[in-house]
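The next block is entry_18.json, given as JSON, C-alpha atoms.
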```json
[["chain", "number", "residue", "atom", "x", "y", "z"],
["D", 1, "MET", "CA", 183.00, -109.25, 22.50],
["D", 2, "THR", "CA", 179.85, -110.84, 23.76],
["D", 3, "LYS", "CA", 179.41, -114.47, 22.91],
["D", 4, "LYS", "CA", 176.89, -115.32, 20.27],
["D", 5, "SER", "CA", 173.77, -115.97, 22.23],
["D", 6, "SER", "CA", 171.61, -118.83, 21.12],
["D", 7, "LEU", "CA", 168.68, -117.50, 23.10],
["D", 8, "SER", "CA", 168.62, -114.01, 21.63],
["D", 9, "CYS", "CA", 169.15, -115.49, 18.16],
["D", 10, "TYR", "CA", 165.87, -117.34, 18.50],
["D", 11, "ILE", "CA", 163.82, -114.46, 19.88],
["D", 12, "SER", "CA", 161.78, -113.35, 16.94],
["D", 13, "LYS", "CA", 161.43, -109.62, 16.27],
["D", 14, "ASP", "CA", 158.22, -110.40, 14.39],
["D", 15, "LEU", "CA", 156.77, -112.18, 17.39],
["D", 16, "LEU", "CA", 157.48, -109.69, 20.12],
["D", 17, "PHE", "CA", 154.50, -108.64, 22.23],
["D", 18, "LEU", "CA", 155.77, -106.21, 24.86],
["D", 19, "ASN", "CA", 153.65, -104.48, 27.52],
["D", 20, "THR", "CA", 150.42, -106.03, 26.28],
["D", 21, "ASN", "CA", 146.96, -106.08, 27.83],
["D", 22, "PHE", "CA", 145.98, -109.61, 26.82],
["D", 23, "SER", "CA", 143.46, -110.80, 29.37],
["D", 24, "SER", "CA", 143.76, -114.52, 28.70],
["D", 25, "THR", "CA", 146.02, -117.18, 27.22],
["D", 26, "ASN", "CA", 143.56, -117.51, 24.34],
["D", 27, "GLU", "CA", 143.99, -113.86, 23.39],
["D", 28, "LEU", "CA", 147.76, -114.24, 23.54],
["D", 29, "PHE", "CA", 147.78, -117.45, 21.50],
["D", 30, "GLN", "CA", 145.49, -115.90, 18.89],
["D", 31, "ALA", "CA", 147.86, -112.97, 18.50],
["D", 32, "VAL", "CA", 150.91, -115.26, 18.22],
["D", 33, "SER", "CA", 149.13, -117.47, 15.70],
["D", 34, "LYS", "CA", 147.98, -114.54, 13.58],
["D", 35, "ARG", "CA", 151.45, -113.03, 13.42],
["D", 36, "GLY", "CA", 153.08, -116.44, 13.04],
["D", 37, "LEU", "CA", 150.85, -117.27, 10.05],
["D", 38, "LYS", "CA", 151.64, -113.91, 8.50],
["D", 39, "TYR", "CA", 155.38, -114.57, 8.67],
["D", 40, "GLY", "CA", 155.15, -118.25, 7.79],
["D", 41, "LEU", "CA", 156.40, -119.47, 11.17],
["D", 42, "VAL", "CA", 153.38, -121.62, 12.08],
["D", 43, "ASN", "CA", 150.64, -123.41, 10.20],
["D", 44, "ASP", "CA", 146.91, -123.33, 10.87],
["D", 45, "LYS", "CA", 147.12, -126.29, 13.27],
["D", 46, "PHE", "CA", 149.17, -124.19, 15.69],
["D", 47, "LEU", "CA", 146.34, -122.29, 17.39],
["D", 48, "PRO", "CA", 144.00, -125.18, 18.23],
["D", 49, "SER", "CA", 146.99, -127.32, 19.17],
["D", 50, "ILE", "CA", 148.59, -124.88, 21.62],
["D", 51, "VAL", "CA", 145.24, -124.01, 23.21],
["D", 52, "GLN", "CA", 144.51, -127.67, 23.78],
["D", 53, "ARG", "CA", 147.99, -128.52, 25.05],
["D", 54, "GLU", "CA", 148.05, -125.65, 27.52],
["D", 55, "ALA", "CA", 144.66, -126.74, 28.88],
["D", 56, "LYS", "CA", 145.86, -130.32, 29.30],
["D", 57, "PHE", "CA", 149.50, -129.78, 30.24],
["D", 58, "PRO", "CA", 149.88, -126.25, 31.62],
["D", 59, "THR", "CA", 153.24, -124.49, 31.54],
["D", 60, "GLY", "CA", 153.12, -121.86, 34.30],
["D", 61, "LEU", "CA", 156.25, -121.62, 36.44],
["D", 62, "GLU", "CA", 155.96, -120.01, 39.85],
["D", 63, "LEU", "CA", 159.25, -118.28, 40.49],
["D", 64, "GLY", "CA", 158.36, -115.70, 43.14],
["D", 65, "ASN", "CA", 158.26, -112.09, 42.07],
["D", 66, "VAL", "CA", 157.88, -112.41, 38.31],
["D", 67, "ASN", "CA", 156.22, -115.63, 37.21],
["D", 68, "VAL", "CA", 156.82, -117.17, 33.82],
["D", 69, "ALA", "CA", 155.08, -119.49, 31.39],
["D", 70, "ILE", "CA", 156.60, -121.44, 28.53],
["D", 71, "PRO", "CA", 153.72, -122.61, 26.30],
["D", 72, "HIS", "CA", 154.65, -124.86, 23.40],
["D", 73, "THR", "CA", 153.07, -127.56, 21.31],
["D", 74, "ASP", "CA", 153.62, -130.26, 18.72],
["D", 75, "VAL", "CA", 156.46, -129.90, 16.23],
["D", 76, "ASP", "CA", 154.19, -130.42, 13.21],
["D", 77, "THR", "CA", 152.45, -127.08, 13.86],
["D", 78, "ILE", "CA", 155.71, -125.16, 13.43],
["D", 79, "GLU", "CA", 157.06, -124.15, 10.01],
["D", 80, "HIS", "CA", 160.14, -122.30, 11.18],
["D", 81, "PRO", "CA", 161.56, -122.38, 14.72],
["D", 82, "PHE", "CA", 161.09, -119.32, 16.92],
["D", 83, "ILE", "CA", 160.69, -118.04, 20.42],
["D", 84, "ALA", "CA", 157.93, -115.47, 20.83],
["D", 85, "LEU", "CA", 158.12, -113.22, 23.88],
["D", 86, "ASN", "CA", 155.24, -111.59, 25.69],
["D", 87, "THR", "CA", 155.49, -109.27, 28.64],
["D", 88, "ASN", "CA", 152.60, -107.68, 30.45],
["D", 89, "SER", "CA", 152.12, -105.66, 33.61],
["D", 90, "GLN", "CA", 148.89, -107.32, 34.78],
["D", 91, "GLY", "CA", 149.90, -110.91, 34.33],
["D", 92, "ILE", "CA", 148.04, -113.58, 32.37],
["D", 93, "SER", "CA", 146.54, -116.44, 34.30],
["D", 94, "PHE", "CA", 148.29, -119.78, 33.71],
["D", 95, "CYS", "CA", 148.00, -123.03, 35.59],
["D", 96, "ARG", "CA", 151.14, -124.34, 37.20],
["D", 97, "MET", "CA", 153.09, -126.94, 35.28],
["D", 98, "ASP", "CA", 153.19, -129.41, 38.13],
["D", 99, "ASP", "CA", 149.79, -128.67, 39.64],
["D", 100, "SER", "CA", 146.98, -127.59, 37.35],
["D", 101, "THR", "CA", 144.75, -126.61, 40.28],
["D", 102, "VAL", "CA", 147.04, -123.68, 41.09],
["D", 103, "HIS", "CA", 146.80, -120.52, 38.98],
["D", 104, "ILE", "CA", 149.65, -118.07, 38.68],
["D", 105, "GLN", "CA", 149.85, -114.68, 36.97],
["D", 106, "ALA", "CA", 152.62, -114.88, 34.40],
["D", 107, "ARG", "CA", 154.20, -111.59, 33.37],
["D", 108, "VAL", "CA", 156.92, -112.99, 31.15],
["D", 109, "ILE", "CA", 155.83, -115.60, 28.62],
["D", 110, "PHE", "CA", 158.09, -117.41, 26.18],
["D", 111, "ILE", "CA", 156.13, -119.21, 23.47],
["D", 112, "LEU", "CA", 158.47, -121.89, 22.15],
["D", 113, "GLY", "CA", 158.14, -122.83, 18.51],
["D", 114, "MET", "CA", 160.21, -125.99, 18.26],
["D", 115, "LYS", "CA", 160.44, -127.81, 14.98],
["D", 116, "GLU", "CA", 162.40, -130.83, 16.14],
["D", 117, "PRO", "CA", 161.75, -132.99, 19.16],
["D", 118, "HIS", "CA", 164.58, -133.70, 21.61],
["D", 119, "ALA", "CA", 166.76, -130.98, 20.15],
["D", 120, "GLN", "CA", 168.16, -127.60, 21.08],
["D", 121, "LEU", "CA", 169.32, -128.60, 24.54],
["D", 122, "GLU", "CA", 171.67, -125.65, 24.79],
["D", 123, "LEU", "CA", 168.96, -123.20, 23.82],
["D", 124, "LEU", "CA", 166.54, -124.62, 26.36],
["D", 125, "GLN", "CA", 169.17, -124.62, 29.10],
["D", 126, "SER", "CA", 169.92, -120.98, 28.32],
["D", 127, "LEU", "CA", 166.24, -120.21, 28.59],
["D", 128, "MET", "CA", 165.99, -121.96, 31.97],
["D", 129, "ASN", "CA", 169.06, -120.09, 33.21],
["D", 130, "ALA", "CA", 167.47, -116.82, 32.14],
["D", 131, "ILE", "CA", 164.18, -117.46, 33.91],
["D", 132, "GLN", "CA", 165.97, -118.48, 37.09],
["D", 133, "ASN", "CA", 167.47, -115.00, 37.42],
["D", 134, "PRO", "CA", 165.01, -112.53, 39.01],
["D", 135, "ASN", "CA", 166.94, -109.52, 37.68],
["D", 136, "THR", "CA", 166.70, -110.81, 34.14],
["D", 137, "LEU", "CA", 162.95, -111.24, 34.50],
["D", 138, "ASN", "CA", 162.54, -107.73, 35.92],
["D", 139, "ASN", "CA", 164.59, -106.31, 33.08],
["D", 140, "LEU", "CA", 162.45, -108.16, 30.55],
["D", 141, "VAL", "CA", 159.26, -106.76, 32.09],
["D", 142, "ASN", "CA", 160.77, -103.29, 31.70],
["D", 143, "ALA", "CA", 162.04, -103.82, 28.14],
["D", 144, "GLN", "CA", 160.45, -101.37, 25.71],
["D", 145, "ASN", "CA", 161.68, -102.71, 22.39],
["D", 146, "PHE", "CA", 163.57, -105.46, 20.59],
["D", 147, "ASP", "CA", 166.98, -103.94, 21.33],
["D", 148, "ASP", "CA", 166.19, -103.83, 25.06],
["D", 149, "VAL", "CA", 165.22, -107.51, 24.94],
["D", 150, "LEU", "CA", 168.41, -108.48, 23.12],
["D", 151, "LYS", "CA", 170.47, -106.55, 25.64],
["D", 152, "VAL", "CA", 168.80, -108.33, 28.56],
["D", 153, "LEU", "CA", 169.26, -111.75, 26.99],
["D", 154, "GLN", "CA", 172.67, -111.27, 25.39],
["D", 155, "ASP", "CA", 174.48, -113.18, 28.12],
["D", 156, "TYR", "CA", 172.36, -116.30, 27.76],
["Y", 1, "MET", "CA", 176.14, -156.18, 39.46],
["Y", 2, "LYS", "CA", 173.60, -153.44, 39.98],
["Y", 3, "LYS", "CA", 170.52, -153.36, 37.82],
["Y", 4, "LYS", "CA", 170.55, -151.02, 34.86],
["Y", 5, "LEU", "CA", 167.48, -148.86, 35.25],
["Y", 6, "ASN", "CA", 165.04, -147.94, 32.52],
["Y", 7, "VAL", "CA", 163.85, -144.43, 33.20],
["Y", 8, "LEU", "CA", 161.11, -142.55, 31.36],
["Y", 9, "VAL", "CA", 161.57, -138.78, 31.17],
["Y", 10, "ALA", "CA", 158.33, -137.08, 30.20],
["Y", 11, "CYS", "CA", 156.82, -133.71, 29.47],
["Y", 12, "GLY", "CA", 153.61, -132.65, 27.78],
["Y", 13, "ALA", "CA", 154.93, -132.52, 24.25],
["Y", 14, "GLY", "CA", 158.16, -134.51, 24.59],
["Y", 15, "ILE", "CA", 159.97, -131.54, 23.10],
["Y", 16, "ALA", "CA", 161.12, -128.87, 25.44],
["Y", 17, "THR", "CA", 161.20, -129.38, 29.17],
["Y", 18, "SER", "CA", 162.01, -133.09, 29.04],
["Y", 19, "THR", "CA", 165.08, -132.25, 26.95],
["Y", 20, "VAL", "CA", 166.40, -130.14, 29.81],
["Y", 21, "VAL", "CA", 165.45, -132.74, 32.40],
["Y", 22, "MET", "CA", 167.12, -135.55, 30.40],
["Y", 23, "LYS", "CA", 170.46, -133.81, 30.66],
["Y", 24, "LYS", "CA", 170.05, -133.09, 34.38],
["Y", 25, "VAL", "CA", 169.10, -136.69, 35.17],
["Y", 26, "GLU", "CA", 171.88, -138.04, 32.98],
["Y", 27, "ASP", "CA", 174.44, -135.96, 34.88],
["Y", 28, "LEU", "CA", 172.89, -136.84, 38.23],
["Y", 29, "PHE", "CA", 173.00, -140.59, 37.57],
["Y", 30, "LYS", "CA", 176.55, -140.36, 36.28],
["Y", 31, "GLU", "CA", 177.62, -138.51, 39.40],
["Y", 32, "HIS", "CA", 176.11, -141.21, 41.61],
["Y", 33, "GLY", "CA", 177.30, -144.15, 39.53],
["Y", 34, "ILE", "CA", 173.78, -145.24, 38.63],
["Y", 35, "ASP", "CA", 173.57, -147.07, 35.32],
["Y", 36, "ALA", "CA", 170.42, -146.14, 33.42],
["Y", 37, "ASN", "CA", 168.76, -146.01, 30.04],
["Y", 38, "LEU", "CA", 166.83, -142.77, 29.72],
["Y", 39, "MET", "CA", 163.93, -142.53, 27.34],
["Y", 40, "GLN", "CA", 162.32, -139.21, 26.46],
["Y", 41, "ILE", "CA", 158.57, -139.46, 25.98],
["Y", 42, "LYS", "CA", 155.32, -137.53, 26.00],
["Y", 43, "ILE", "CA", 153.52, -138.03, 29.30],
["Y", 44, "ALA", "CA", 150.56, -139.51, 27.39],
["Y", 45, "GLU", "CA", 152.83, -142.42, 26.43],
["Y", 46, "ALA", "CA", 153.82, -143.17, 30.04],
["Y", 47, "SER", "CA", 150.95, -145.55, 30.76],
["Y", 48, "SER", "CA", 151.75, -147.82, 27.84],
["Y", 49, "LYS", "CA", 155.51, -147.69, 28.43],
["Y", 50, "GLN", "CA", 155.56, -148.21, 32.19],
["Y", 51, "ASP", "CA", 155.68, -152.00, 31.96],
["Y", 52, "SER", "CA", 159.13, -151.83, 30.44],
["Y", 53, "ALA", "CA", 160.40, -149.11, 32.77],
["Y", 54, "ASP", "CA", 161.49, -148.77, 36.40],
["Y", 55, "MET", "CA", 160.67, -145.16, 37.12],
["Y", 56, "LEU", "CA", 159.11, -142.06, 35.60],
["Y", 57, "ILE", "CA", 160.38, -138.50, 35.88],
["Y", 58, "SER", "CA", 158.02, -135.83, 34.56],
["Y", 59, "THR", "CA", 157.70, -132.06, 34.44],
["Y", 60, "THR", "CA", 153.95, -132.24, 33.95],
["Y", 61, "VAL", "CA", 150.98, -132.89, 36.11],
["Y", 62, "LEU", "CA", 150.56, -136.65, 36.29],
["Y", 63, "PRO", "CA", 147.31, -137.43, 34.46],
["Y", 64, "THR", "CA", 146.94, -140.83, 36.08],
["Y", 65, "THR", "CA", 148.65, -143.04, 38.62],
["Y", 66, "TYR", "CA", 151.40, -145.40, 37.62],
["Y", 67, "LYS", "CA", 152.67, -148.75, 38.80],
["Y", 68, "ILE", "CA", 156.22, -147.43, 38.82],
["Y", 69, "PRO", "CA", 157.54, -144.60, 41.03],
["Y", 70, "ALA", "CA", 156.73, -141.22, 39.45],
["Y", 71, "ILE", "CA", 158.60, -138.06, 40.36],
["Y", 72, "LYS", "CA", 157.67, -134.51, 39.37],
["Y", 73, "ALA", "CA", 160.82, -132.69, 38.33],
["Y", 74, "MET", "CA", 159.77, -129.11, 37.68],
["Y", 75, "GLY", "CA", 162.54, -128.05, 40.07],
["Y", 76, "PHE", "CA", 165.05, -128.65, 37.28],
["Y", 77, "LEU", "CA", 163.40, -125.82, 35.36],
["Y", 78, "THR", "CA", 162.89, -123.33, 38.16],
["Y", 79, "ASN", "CA", 165.93, -124.32, 40.25],
["Y", 80, "ILE", "CA", 163.62, -124.24, 43.27],
["Y", 81, "GLY", "CA", 164.00, -127.22, 45.62],
["Y", 82, "VAL", "CA", 166.52, -128.83, 43.32],
["Y", 83, "ASP", "CA", 168.64, -130.42, 46.09],
["Y", 84, "LYS", "CA", 165.63, -132.20, 47.45],
["Y", 85, "LEU", "CA", 164.63, -133.28, 43.97],
["Y", 86, "ASN", "CA", 168.11, -134.68, 43.25],
["Y", 87, "GLN", "CA", 167.98, -136.59, 46.50],
["Y", 88, "GLU", "CA", 164.52, -137.98, 45.77],
["Y", 89, "ILE", "CA", 165.58, -139.23, 42.33],
["Y", 90, "VAL", "CA", 168.82, -140.80, 43.54],
["Y", 91, "GLU", "CA", 167.17, -142.47, 46.53],
["Y", 92, "THR", "CA", 164.35, -143.84, 44.38],
["Y", 93, "ALA", "CA", 166.83, -145.20, 41.83],
["Y", 94, "GLN", "CA", 168.98, -146.80, 44.52],
["Y", 95, "LYS", "CA", 165.96, -148.34, 46.17],
["Y", 96, "ILE", "CA", 164.88, -149.93, 42.89],
["Y", 97, "GLN", "CA", 168.40, -151.28, 42.38],
["Y", 98, "ALA", "CA", 168.47, -152.66, 45.92],
["Y", 99, "GLU", "CA", 165.12, -154.39, 45.46],
["Y", 100, "ALA", "CA", 166.25, -155.89, 42.16],
["Y", 101, "ALA", "CA", 169.36, -157.29, 43.84],
["Y", 102, "GLN", "CA", 167.38, -159.23, 46.42]]
```
Would you mind giving the structure from this file in structure tokens?
Amino acid sequence: MTKKSSLSCYISKDLLFLNTNFSSTNELFQAVSKRGLKYGLVNDKFLPSIVQREAKFPTGLELGNVNVAIPHTDVDTIEHPFIALNTNSQGISFCRMDDSTVHIQARVIFILGMKEPHAQLELLQSLMNAIQNPNTLNNLVNAQNFDDVLKVLQDY
Amino acid sequence: MKKKLNVLVACGAGIATSTVVMKKVEDLFKEHGIDANLMQIKIAEASSKQDSADMLISTTVLPTTYKIPAIKAMGFLTNIGVDKLNQEIVETAQKIQAEAAQ
């Protein structure tokens, strides 16, 4: 039996954006916000808040082959916790978390909807473990549907 | 007795990445016998809180310069250069303790 994965429990089927052609973070955030509003996961502060936060404190992580970004914003913009996943073949331009003058192309993007500050350590550690594994990232890029994603992330 | 350090752990929102870094730093200090209070903050709060702290560890770009040593700790998220990062944090902490003992 596989252990109950906290990470795959949080990945929202309603907020899955696989193999997209978004050309910018703004397009991605708009799509997440629209869907999030529809399902009651975010409120209308979410979009302006995440756009602003990403501009000020970017979240791109340069990992080598497949780069990742983990955008997130204030807890009061979230109605129900979630992790939205976006994959894309072209990459979306993000600035690097520790150096905003460096742009990277992120192909796997986890948008973290956290409702409580300082919580969910285990979940976040699982997420970091997942992004540190190049095979996992490649498998996510190749995932075609929700079941594929769950299969890739079931061990985290 | 060695000084108990006050350490600020910051990220952009004070929600996600600093939570991971808190745990890493906690374990690292424990391993090296460094006594410290860790406080999780948003990086925007670092300027006003630096007077009561000894060092700052952040996953974000540093929006300004600080009077206290500031270390960028993105390596805890990517696992790239993590040995060097551990070393930098421990050495900085020990240096502060040594200076306080003088």
- Select, from D:Leu37, D:Leu47, D:Leu7, D:Ala55, the residue with the minimum atom-to-atom distance to chain Y, counting all atoms listed in the file. D:Ala55
- Message: Would you compute the distance between CA of Ala143 (chain D) and CA of Leu18 (chain D)? Give it in Å to one decimal.
- Response: 7.5 Å
- Can you check which residues of chain D have any atom within 8 Å of chain Y? Use all atoms listed in the file and format it as JSON, numbers by chain. {"D": [53, 57, 58, 61, 62, 63, 72, 73, 74, 75, 97, 98, 99, 100, 114, 116, 117, 118, 119, 121, 124, 125, 128, 131, 132]}
- Message: Which residues are near Ser89 (chain D)? Cut-off 10 Å, all atoms listed in the file, ignore same chain within fewer than 5 positions. Put them as number ranges by chain.
- Response: D: 18-22, 105-108, 141-142
- Can you tell me how far CA of Leu153 (chain D) sits from CA of Leu15 (chain D), in Å to one decimal?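 Spanning CA of Leu153 (chain D) to CA of Leu15 (chain D) is a straight-line distance of 15.8 Å.
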- Message: Just to confirm, what's the straight-line distance from CA of Asn129 (chain D) to CA of Leu41 (chain D) in Å (one decimal)?
- Response: 25.4 Å
Leaving out Phe146 (chain D) and any residue of its chain fewer than 2 positions from it, which residues lie within 9 Å of it when counting only C-alpha atoms, given as an mmCIF file with C-alpha atoms, in the coordinates of the input?
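Printed below is part_13.cif as written:
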```cif
data_model
loop_
_atom_site.group_PDB
_atom_site.id
_atom_site.type_symbol
_atom_site.label_atom_id
_atom_site.label_comp_id
_atom_site.auth_asym_id
_atom_site.auth_seq_id
_atom_site.Cartn_x
_atom_site.Cartn_y
_atom_site.Cartn_z
ATOM 1 C CA SER D 12 161.780 -113.350 16.940
ATOM 2 C CA LYS D 13 161.430 -109.620 16.270
ATOM 3 C CA LEU D 16 157.480 -109.690 20.120
ATOM 4 C CA LEU D 18 155.770 -106.210 24.860
ATOM 5 C CA ALA D 143 162.040 -103.820 28.140
ATOM 6 C CA GLN D 144 160.450 -101.370 25.710
ATOM 7 C CA ASP D 148 166.190 -103.830 25.060
ATOM 8 C CA VAL D 149 165.220 -107.510 24.940
ATOM 9 C CA LEU D 150 168.410 -108.480 23.120
ATOM 10 C CA LYS D 151 170.470 -106.550 25.640
#
```
- Message: Which residues are near Ala70 (chain Y)? Cut-off 9 Å, all atoms listed in the file, ignore same chain within fewer than 2 positions. Put them as an MDAnalysis selection string.
- Response: chainID Y and resid 55:58 62 65:68 72
- Message: Counting all atoms listed in the file, which residues sit no farther than 7 Å from the position (169.5, -104.7, 32.5) in the file's frame? I'd like them as a list of chain:residue names.
- Response: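 Counting all atoms listed in the file, I find these residues within 7 Å of (169.5, -104.7, 32.5): D:Thr136, D:Asn139, D:Val152.
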- Message: Residues near Ala101 (chain Y), anyone? I mean within 12 Å using all atoms listed in the file, not counting same-chain ones fewer than 5 positions away, as a PyMOL selection string.
- Response: chain Y and resi 1-4+94-96
- Query: With only C-alpha atoms as the atoms that count, which of Y:Ile71, Y:Ala53, Y:Ala100, Y:Leu28 lies nearest to Asn86 (chain Y)?
  - Reply: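 Nearest candidate to Asn86 (chain Y) out of Y:Ile71, Y:Ala53, Y:Ala100, Y:Leu28: Y:Leu28.
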Since the input lacks atoms, please generate N, CA, C and O atoms for region 78-96 of chain Y and provide them as a tab-separated table (two decimals), in the coordinates of the input.
```
chain	number	residue	atom	x	y	z
Y	78	THR	N	162.95	-124.56	37.37
Y	78	THR	CA	162.89	-123.33	38.16
Y	78	THR	C	164.09	-123.18	39.10
Y	78	THR	O	164.33	-122.11	39.63
Y	79	ASN	N	164.82	-124.29	39.30
Y	79	ASN	CA	165.93	-124.32	40.25
Y	79	ASN	C	165.45	-124.16	41.69
Y	79	ASN	O	166.24	-123.88	42.58
Y	80	ILE	N	164.17	-124.32	41.92
Y	80	ILE	CA	163.62	-124.24	43.27
Y	80	ILE	C	163.50	-125.66	43.83
Y	80	ILE	O	162.91	-126.53	43.18
Y	81	GLY	N	164.08	-125.90	44.99
Y	81	GLY	CA	164.00	-127.22	45.62
Y	81	GLY	C	164.77	-128.30	44.88
Y	81	GLY	O	164.42	-129.47	44.92
Y	82	VAL	N	165.84	-127.88	44.20
Y	82	VAL	CA	166.52	-128.83	43.32
Y	82	VAL	C	167.36	-129.86	44.11
Y	82	VAL	O	167.49	-131.00	43.68
Y	83	ASP	N	167.87	-129.47	45.27
Y	83	ASP	CA	168.64	-130.42	46.09
Y	83	ASP	C	167.76	-131.57	46.54
Y	83	ASP	O	168.15	-132.73	46.49
Y	84	LYS	N	166.57	-131.20	46.99
Y	84	LYS	CA	165.63	-132.20	47.45
Y	84	LYS	C	165.21	-133.13	46.30
Y	84	LYS	O	165.08	-134.35	46.48
Y	85	LEU	N	165.02	-132.52	45.16
Y	85	LEU	CA	164.63	-133.28	43.97
Y	85	LEU	C	165.72	-134.28	43.56
Y	85	LEU	O	165.46	-135.45	43.31
Y	86	ASN	N	166.98	-133.79	43.55
Y	86	ASN	CA	168.11	-134.68	43.25
Y	86	ASN	C	168.13	-135.87	44.19
Y	86	ASN	O	168.30	-137.01	43.78
Y	87	GLN	N	167.95	-135.56	45.46
Y	87	GLN	CA	167.98	-136.59	46.50
Y	87	GLN	C	166.86	-137.60	46.28
Y	87	GLN	O	167.08	-138.82	46.36
Y	88	GLU	N	165.67	-137.10	45.98
Y	88	GLU	CA	164.52	-137.98	45.77
Y	88	GLU	C	164.76	-138.93	44.59
Y	88	GLU	O	164.48	-140.14	44.68
Y	89	ILE	N	165.32	-138.40	43.53
Y	89	ILE	CA	165.58	-139.23	42.33
Y	89	ILE	C	166.64	-140.28	42.62
Y	89	ILE	O	166.47	-141.46	42.30
Y	90	VAL	N	167.73	-139.86	43.25
Y	90	VAL	CA	168.82	-140.80	43.54
Y	90	VAL	C	168.35	-141.88	44.50
Y	90	VAL	O	168.60	-143.08	44.28
Y	91	GLU	N	167.63	-141.49	45.54
Y	91	GLU	CA	167.17	-142.47	46.53
Y	91	GLU	C	166.18	-143.47	45.90
Y	91	GLU	O	166.24	-144.66	46.19
Y	92	THR	N	165.30	-142.95	45.05
Y	92	THR	CA	164.35	-143.84	44.38
Y	92	THR	C	165.08	-144.83	43.49
Y	92	THR	O	164.79	-146.03	43.50
Y	93	ALA	N	166.05	-144.34	42.74
Y	93	ALA	CA	166.83	-145.20	41.83
Y	93	ALA	C	167.58	-146.27	42.62
Y	93	ALA	O	167.59	-147.45	42.25
Y	94	GLN	N	168.19	-145.85	43.72
Y	94	GLN	CA	168.98	-146.80	44.52
Y	94	GLN	C	168.09	-147.85	45.17
Y	94	GLN	O	168.48	-149.01	45.31
Y	95	LYS	N	166.90	-147.42	45.55
Y	95	LYS	CA	165.96	-148.34	46.17
Y	95	LYS	C	165.54	-149.42	45.14
Y	95	LYS	O	165.47	-150.60	45.47
Y	96	ILE	N	165.27	-148.98	43.94
Y	96	ILE	CA	164.88	-149.93	42.89
Y	96	ILE	C	166.02	-150.92	42.62
Y	96	ILE	O	165.80	-152.12	42.50
```
